[in-house]
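Down below is the structure, laid out as structure tokens.
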Amino acid sequence: MATDILTMAYDDILAIVTSLGFPSFRAKQLYHWLNKGASFDEMNNLPKTFKEALAENGYFVDLPKIEKKLVSQIDGTVKLLYSLSDGQYIESVVMKYEHGNTICVSCQAGCRMGCKFCASTLRGLSRNLTPSEIIGQIFMAQRSIGERISNIVMMGIGEPLDNYDNVIKFLHAVNREEGLNIGYRHISLSTCGVVDGIKKLEKEMLPITLSISLHNIDTEGRKSIMPITNKWSVEELLSACAEYFKATGRRISFEYTLIADENDSIPQAEELARGLKRFLPGMPIHVNLIPLNDVSERSYKKSTAKNIEAFKNRLNGLGINATVRRRLGPDINASCGQLRLNAQEQ
């Protein structure tokens, strides 16, 4: 059975090394290299016999390979297309801020959630990514830009809570002091509303930021753009959010993509404010308004700048903290999904 070892804890690595009959100091060397995101070939102080024994017993490191790199001439945003060992493609985006570099990573090759305005879900789900393939995006991106990445948003291709076990392994690995050492408070995980996943995540007690892709607070209206709502209503989703906040004390951010003539009217802003206050009393609420990224295969159009501003102002006037997400890398179409689609088709 093949076993991905890139994100394993030290005790597990030690057990593997000793079971193969090698001295324990080899475990420390191997662990050091793994936490640098190195392939077996790059581990130049490990004997060939040791690396061959690992491979022969099914242990592997599966780093993604950068196939294309686009750099915005406007703001320095970097978009990366990776190929995986089985021919699948994924994307990540590195965004540069004054406080450091943030990477948006993918957790699946494709997505089965079916959100109607999203490019990532157009061809459905091919498979889940391994922990190596998720963290490998960060290792490879750091090499590519020559700078440290200090913040992570899990908002790329795929639904993190639909690949729950591998995502949790990734979160623990990326936080390790001897590795990338990225604090949990510098990590944001976005879900379209997988309620049972939110309840499981609550029990992990990780001080990450949970973001909910909401986009409509009316259950029937949300069903038309987010099929997950057929399984869990908005009421069930927000009740899970209330329990999450009660257990963890961590503020939840709500993402709201503004789609022309779909969810961007002033009455809908008022309904959004009322609903969030009703279901989440006492919780500090932030709504991140996102102008829709046009997807050629979809018919939806983004709201006008005037409607976006009016929607934001109405929320703020009703006591809901709302901001408009600045679009980064507009000259390289930095939103996720399109590069992968083109590569898969070719």
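As shown in the structure tokens, the chain order sets the letters A, B, ...; within each chain, residues go from 1, and ligands are also counted from 1 in the order they appear.
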
Show me a table, sorted first by chain and then by increasing residue number, of the residues of range 262-314 of chain A having an atom at most 6 Å from range 321-328 of chain A, each with its shortest atom pair and the distance in Å to one decimal, counting only C-alpha atoms and written as CSV.
residue,atom,partner,partner_atom,distance
A:His286,CA,A:Asn321,CA,5.0
A:Val287,CA,A:Ala322,CA,4.6
A:Asn288,CA,A:Thr323,CA,5.4
A:Leu289,CA,A:Val324,CA,4.6
A:Ile290,CA,A:Arg325,CA,5.4
A:Lys312,CA,A:Ala322,CA,5.8

All alpha helix (DSSP H) positions in range 103-263 of chain A, as an MDAnalysis selection string: chainID A and resid 131:145 164:175 195:204 219:223 234:248

Could you save those same residues with C-alpha atoms as a PDB file, in the first residue's frame?
ATOM      1  CA  PRO A 131      -1.847  16.244   2.364  1.00  0.00           C
ATOM      2  CA  SER A 132       1.432  16.295   0.368  1.00  0.00           C
ATOM      3  CA  GLU A 133      -0.285  17.774  -2.663  1.00  0.00           C
ATOM      4  CA  ILE A 134      -1.875  20.527  -0.563  1.00  0.00           C
ATOM      5  CA  ILE A 135       1.229  21.519   1.394  1.00  0.00           C
ATOM      6  CA  GLY A 136       3.359  20.973  -1.713  1.00  0.00           C
ATOM      7  CA  GLN A 137       1.680  23.974  -3.324  1.00  0.00           C
ATOM      8  CA  ILE A 138       3.192  26.143  -0.592  1.00  0.00           C
ATOM      9  CA  PHE A 139       6.671  24.617  -0.826  1.00  0.00           C
ATOM     10  CA  MET A 140       6.734  25.005  -4.601  1.00  0.00           C
ATOM     11  CA  ALA A 141       5.301  28.534  -4.504  1.00  0.00           C
ATOM     12  CA  GLN A 142       7.964  29.650  -2.015  1.00  0.00           C
ATOM     13  CA  ARG A 143      10.675  28.303  -4.287  1.00  0.00           C
ATOM     14  CA  SER A 144       9.101  30.022  -7.264  1.00  0.00           C
ATOM     15  CA  ILE A 145       8.816  33.501  -5.711  1.00  0.00           C
ATOM     16  CA  TYR A 164     -11.817  16.517   5.734  1.00  0.00           C
ATOM     17  CA  ASP A 165      -9.172  14.033   6.935  1.00  0.00           C
ATOM     18  CA  ASN A 166      -6.491  15.148   4.474  1.00  0.00           C
ATOM     19  CA  VAL A 167      -7.175  18.826   5.185  1.00  0.00           C
ATOM     20  CA  ILE A 168      -6.815  18.287   8.946  1.00  0.00           C
ATOM     21  CA  LYS A 169      -3.490  16.464   8.389  1.00  0.00           C
ATOM     22  CA  PHE A 170      -2.380  19.395   6.217  1.00  0.00           C
ATOM     23  CA  LEU A 171      -3.340  21.953   8.883  1.00  0.00           C
ATOM     24  CA  HIS A 172      -1.350  20.141  11.571  1.00  0.00           C
ATOM     25  CA  ALA A 173       1.652  19.736   9.262  1.00  0.00           C
ATOM     26  CA  VAL A 174       1.791  23.347   8.097  1.00  0.00           C
ATOM     27  CA  ASN A 175       1.737  24.529  11.718  1.00  0.00           C
ATOM     28  CA  VAL A 195     -22.696  21.400   8.112  1.00  0.00           C
ATOM     29  CA  ASP A 196     -21.474  18.035   9.400  1.00  0.00           C
ATOM     30  CA  GLY A 197     -17.912  19.123   8.526  1.00  0.00           C
ATOM     31  CA  ILE A 198     -18.338  22.357  10.498  1.00  0.00           C
ATOM     32  CA  LYS A 199     -19.466  20.321  13.511  1.00  0.00           C
ATOM     33  CA  LYS A 200     -16.421  18.040  13.206  1.00  0.00           C
ATOM     34  CA  LEU A 201     -14.089  21.024  12.773  1.00  0.00           C
ATOM     35  CA  GLU A 202     -15.533  22.599  15.914  1.00  0.00           C
ATOM     36  CA  LYS A 203     -14.269  19.638  17.949  1.00  0.00           C
ATOM     37  CA  GLU A 204     -10.725  20.073  16.595  1.00  0.00           C
ATOM     38  CA  THR A 219     -32.851  29.148   1.625  1.00  0.00           C
ATOM     39  CA  GLU A 220     -34.873  28.929  -1.581  1.00  0.00           C
ATOM     40  CA  GLY A 221     -32.849  31.658  -3.273  1.00  0.00           C
ATOM     41  CA  ARG A 222     -29.589  30.004  -2.208  1.00  0.00           C
ATOM     42  CA  LYS A 223     -30.678  26.633  -3.607  1.00  0.00           C
ATOM     43  CA  VAL A 234     -29.484  28.296   5.624  1.00  0.00           C
ATOM     44  CA  GLU A 235     -31.049  27.962   9.075  1.00  0.00           C
ATOM     45  CA  GLU A 236     -29.140  24.715   9.708  1.00  0.00           C
ATOM     46  CA  LEU A 237     -25.925  26.284   8.410  1.00  0.00           C
ATOM     47  CA  LEU A 238     -26.174  29.391  10.588  1.00  0.00           C
ATOM     48  CA  SER A 239     -27.149  27.308  13.634  1.00  0.00           C
ATOM     49  CA  ALA A 240     -23.954  25.287  13.122  1.00  0.00           C
ATOM     50  CA  CYS A 241     -22.032  28.576  12.891  1.00  0.00           C
ATOM     51  CA  ALA A 242     -23.554  29.749  16.180  1.00  0.00           C
ATOM     52  CA  GLU A 243     -22.480  26.521  17.883  1.00  0.00           C
ATOM     53  CA  TYR A 244     -19.007  26.804  16.359  1.00  0.00           C
ATOM     54  CA  PHE A 245     -18.582  30.316  17.745  1.00  0.00           C
ATOM     55  CA  LYS A 246     -19.938  29.288  21.151  1.00  0.00           C
ATOM     56  CA  ALA A 247     -17.436  26.418  21.383  1.00  0.00           C
ATOM     57  CA  THR A 248     -14.346  28.106  19.916  1.00  0.00           C
TER      58      THR A 248
END

DSSP-assigned strand (DSSP E or B) members of range 36-173 of chain A, reported as number ranges by chain: A: 59-60, 65-71, 78-83, 89-97, 100-104, 108-110, 125-128, 149-154

Next, dump the selected residues to file, keeping only C-alpha atoms, as a PDB file, in the first residue's frame.
ATOM      1  CA  TYR A  59       6.487   5.407   0.964  1.00  0.00           C
ATOM      2  CA  PHE A  60       6.457   8.431  -1.296  1.00  0.00           C
ATOM      3  CA  LYS A  65       5.038  20.401 -10.513  1.00  0.00           C
ATOM      4  CA  ILE A  66       4.648  24.010 -11.667  1.00  0.00           C
ATOM      5  CA  GLU A  67       3.483  24.026 -15.296  1.00  0.00           C
ATOM      6  CA  LYS A  68       2.659  27.704 -15.702  1.00  0.00           C
ATOM      7  CA  LYS A  69       3.380  30.884 -13.747  1.00  0.00           C
ATOM      8  CA  LEU A  70       1.561  34.158 -14.357  1.00  0.00           C
ATOM      9  CA  VAL A  71       2.656  37.367 -12.621  1.00  0.00           C
ATOM     10  CA  VAL A  78       1.276  35.262  -8.826  1.00  0.00           C
ATOM     11  CA  LYS A  79      -0.967  32.560 -10.269  1.00  0.00           C
ATOM     12  CA  LEU A  80       0.444  29.028 -10.492  1.00  0.00           C
ATOM     13  CA  LEU A  81      -0.818  26.033 -12.447  1.00  0.00           C
ATOM     14  CA  TYR A  82       0.457  22.687 -11.135  1.00  0.00           C
ATOM     15  CA  SER A  83       0.376  19.214 -12.631  1.00  0.00           C
ATOM     16  CA  TYR A  89      -4.139  19.959 -12.657  1.00  0.00           C
ATOM     17  CA  ILE A  90      -4.697  22.355  -9.755  1.00  0.00           C
ATOM     18  CA  GLU A  91      -4.047  26.036  -9.081  1.00  0.00           C
ATOM     19  CA  SER A  92      -2.883  28.322  -6.315  1.00  0.00           C
ATOM     20  CA  VAL A  93      -2.524  32.090  -6.086  1.00  0.00           C
ATOM     21  CA  VAL A  94       0.070  34.056  -4.106  1.00  0.00           C
ATOM     22  CA  MET A  95      -1.078  37.509  -3.009  1.00  0.00           C
ATOM     23  CA  LYS A  96       1.397  40.090  -1.763  1.00  0.00           C
ATOM     24  CA  TYR A  97       0.449  42.330   1.144  1.00  0.00           C
ATOM     25  CA  GLY A 100       3.410  39.246   4.209  1.00  0.00           C
ATOM     26  CA  ASN A 101       2.608  36.809   1.434  1.00  0.00           C
ATOM     27  CA  THR A 102      -0.701  34.927   1.428  1.00  0.00           C
ATOM     28  CA  ILE A 103      -1.337  31.802  -0.627  1.00  0.00           C
ATOM     29  CA  CYS A 104      -4.725  30.533  -1.718  1.00  0.00           C
ATOM     30  CA  GLN A 108      -9.301  18.933  -4.518  1.00  0.00           C
ATOM     31  CA  ALA A 109      -8.852  18.373  -8.238  1.00  0.00           C
ATOM     32  CA  GLY A 110     -12.203  19.777  -9.255  1.00  0.00           C
ATOM     33  CA  LEU A 125     -14.732  16.315  -8.846  1.00  0.00           C
ATOM     34  CA  SER A 126     -11.849  14.206 -10.128  1.00  0.00           C
ATOM     35  CA  ARG A 127     -10.377  13.340  -6.731  1.00  0.00           C
ATOM     36  CA  ASN A 128      -9.243  14.601  -3.343  1.00  0.00           C
ATOM     37  CA  ILE A 149       4.647  32.580   2.671  1.00  0.00           C
ATOM     38  CA  SER A 150       3.156  33.431   6.057  1.00  0.00           C
ATOM     39  CA  ASN A 151      -0.616  33.210   5.538  1.00  0.00           C
ATOM     40  CA  ILE A 152      -2.921  30.590   4.003  1.00  0.00           C
ATOM     41  CA  VAL A 153      -6.463  30.776   2.703  1.00  0.00           C
ATOM     42  CA  MET A 154      -8.151  27.523   1.759  1.00  0.00           C
TER      43      MET A 154
END

For Val105 in chain A, the nearest of the candidates A:Leu292, A:Leu54, A:Ile157, A:Leu63, counting only C-alpha atoms: A:Ile157

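Neighbouring residues of Met226 in chain A at 10 Å or closer, counting only C-alpha atoms and skipping chain neighbours under 6 positions away, are A:Met113, A:Gly114, A:Cys115, A:Lys116, A:Phe117, A:Cys118, A:Cys192, A:Gly193, A:Ser213, A:Leu214, A:His215, A:Asn216, A:Thr219, A:Glu220.
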
Expected file contents, prior selection, N, CA and C atoms, as an mmCIF file, in the first residue's frame:
data_model
loop_
_atom_site.group_PDB
_atom_site.id
_atom_site.type_symbol
_atom_site.label_atom_id
_atom_site.label_comp_id
_atom_site.auth_asym_id
_atom_site.auth_seq_id
_atom_site.Cartn_x
_atom_site.Cartn_y
_atom_site.Cartn_z
ATOM 1 N N MET A 113 -19.410 20.335 -5.481
ATOM 2 C CA MET A 113 -20.427 21.121 -4.799
ATOM 3 C C MET A 113 -21.405 21.784 -5.779
ATOM 4 N N GLY A 114 -20.981 22.042 -6.995
ATOM 5 C CA GLY A 114 -21.893 22.495 -8.033
ATOM 6 C C GLY A 114 -22.363 23.936 -7.946
ATOM 7 N N CYS A 115 -21.647 24.805 -7.235
ATOM 8 C CA CYS A 115 -22.050 26.217 -7.151
ATOM 9 C C CYS A 115 -22.103 26.811 -8.556
ATOM 10 N N LYS A 116 -23.206 27.454 -8.894
ATOM 11 C CA LYS A 116 -23.516 27.796 -10.280
ATOM 12 C C LYS A 116 -22.661 28.915 -10.870
ATOM 13 N N PHE A 117 -21.970 29.668 -10.030
ATOM 14 C CA PHE A 117 -21.196 30.816 -10.514
ATOM 15 C C PHE A 117 -19.686 30.548 -10.467
ATOM 16 N N CYS A 118 -19.295 29.305 -10.195
ATOM 17 C CA CYS A 118 -17.892 28.979 -9.927
ATOM 18 C C CYS A 118 -17.294 28.153 -11.058
ATOM 19 N N CYS A 192 -18.542 26.010 1.632
ATOM 20 C CA CYS A 192 -19.814 26.432 1.056
ATOM 21 C C CYS A 192 -20.987 26.062 1.954
ATOM 22 N N GLY A 193 -20.694 25.370 3.069
ATOM 23 C CA GLY A 193 -21.759 25.064 4.015
ATOM 24 C C GLY A 193 -21.943 23.585 4.277
ATOM 25 N N SER A 213 -19.023 30.595 2.676
ATOM 26 C CA SER A 213 -19.466 31.128 1.386
ATOM 27 C C SER A 213 -20.985 31.110 1.395
ATOM 28 N N LEU A 214 -21.575 32.234 1.700
ATOM 29 C CA LEU A 214 -23.024 32.295 1.936
ATOM 30 C C LEU A 214 -23.792 32.669 0.666
ATOM 31 N N HIS A 215 -23.568 33.874 0.170
ATOM 32 C CA HIS A 215 -24.061 34.341 -1.139
ATOM 33 C C HIS A 215 -25.570 34.559 -1.248
ATOM 34 N N ASN A 216 -26.333 34.040 -0.318
ATOM 35 C CA ASN A 216 -27.765 34.329 -0.231
ATOM 36 C C ASN A 216 -28.252 33.782 1.099
ATOM 37 N N THR A 219 -33.107 30.542 1.969
ATOM 38 C CA THR A 219 -32.851 29.148 1.625
ATOM 39 C C THR A 219 -33.247 28.825 0.190
ATOM 40 N N GLU A 220 -34.427 29.246 -0.224
ATOM 41 C CA GLU A 220 -34.873 28.929 -1.581
ATOM 42 C C GLU A 220 -34.026 29.659 -2.625
#

Residue neighbourhood Asp162 in chain A, 8 Å, only C-alpha atoms, exclusion window fewer than 3 positions, as number ranges by chain: A: 158-159, 194, 197

Deliver the residues from the most recent selection as a file, using C-alpha atoms, as a PDB file, in the first residue's frame.
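Generated output (part_5.pdb):
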ATOM      1  CA  GLY A 158     -12.350  22.232  -4.037  1.00  0.00           C
ATOM      2  CA  GLU A 159     -14.350  22.137  -0.799  1.00  0.00           C
ATOM      3  CA  VAL A 194     -20.917  21.421   4.756  1.00  0.00           C
ATOM      4  CA  GLY A 197     -17.912  19.123   8.526  1.00  0.00           C
TER       5      GLY A 197
END

Nearest-residue call for Pro330 in chain A, choices A:Glu56, A:Glu271, A:Glu42, A:Asp75, using only C-alpha atoms: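 Closest to Pro330 in chain A of all the choices is A:Asp75.
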
Contacts of Leu14 in chain A within 7 Å, only C-alpha atoms, excl. fewer than 3 positions in-chain, as a PyMOL selection string: chain A and resi 10-11+17-18+24+27

Create the file for the chosen residues now, containing N, CA and C atoms and written as a short mmCIF file (atom, residue, chain, number, x, y, z; two decimals), in the first residue's frame.
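The file below, selection33.cif, is the result:
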data_model
loop_
_atom_site.label_atom_id
_atom_site.label_comp_id
_atom_site.auth_asym_id
_atom_site.auth_seq_id
_atom_site.Cartn_x
_atom_site.Cartn_y
_atom_site.Cartn_z
N TYR A 10 6.84 13.27 13.54
CA TYR A 10 8.16 12.66 13.74
C TYR A 10 8.08 11.25 14.29
N ASP A 11 7.21 11.01 15.26
CA ASP A 11 7.11 9.67 15.85
C ASP A 11 6.74 8.62 14.81
N VAL A 17 11.30 4.25 10.01
CA VAL A 17 12.75 4.08 9.82
C VAL A 17 13.26 2.86 10.59
N THR A 18 12.85 2.74 11.85
CA THR A 18 13.32 1.61 12.66
C THR A 18 12.75 0.28 12.15
N SER A 24 18.14 5.31 14.13
CA SER A 24 17.14 6.35 14.41
C SER A 24 17.57 7.72 13.92
N ALA A 27 15.95 8.99 10.87
CA ALA A 27 14.60 9.56 10.99
C ALA A 27 14.66 11.07 11.14
#

For Ile259 in chain A: contacts at 7 Å, only C-alpha atoms, fewer than 4 positions along chain excluded, given as a ChimeraX atom specification: /A:263-264,292,300-303

Residue nearest Arg274 in chain A among A:Leu315, A:Ile13, A:Ile228, A:Ala2 (counting only C-alpha atoms):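 Ranking A:Leu315, A:Ile13, A:Ile228, A:Ala2 by distance to Arg274 in chain A, first place goes to A:Leu315.
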
Pick from A:Ile285, A:Leu189, A:Met205, A:Gly183 nearest to Gly156 in chain A, counting only C-alpha atoms: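 For Gly156 in chain A, the nearest of the candidates is A:Leu189.
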
Within 7 Å of Ala269 in chain A using only C-alpha atoms, minus same-chain residues under 2 positions, as a VMD selection string: chain A and resid 265 to 267 271 to 273 311 314 to 315

Counting only C-alpha atoms, the option among A:Thr3, A:Asn35, A:Ser106, A:Asn44 closest to Asp62 in chain A: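 Checking each of A:Thr3, A:Asn35, A:Ser106, A:Asn44 against Asp62 in chain A, counting only C-alpha atoms, the winner is A:Thr3.
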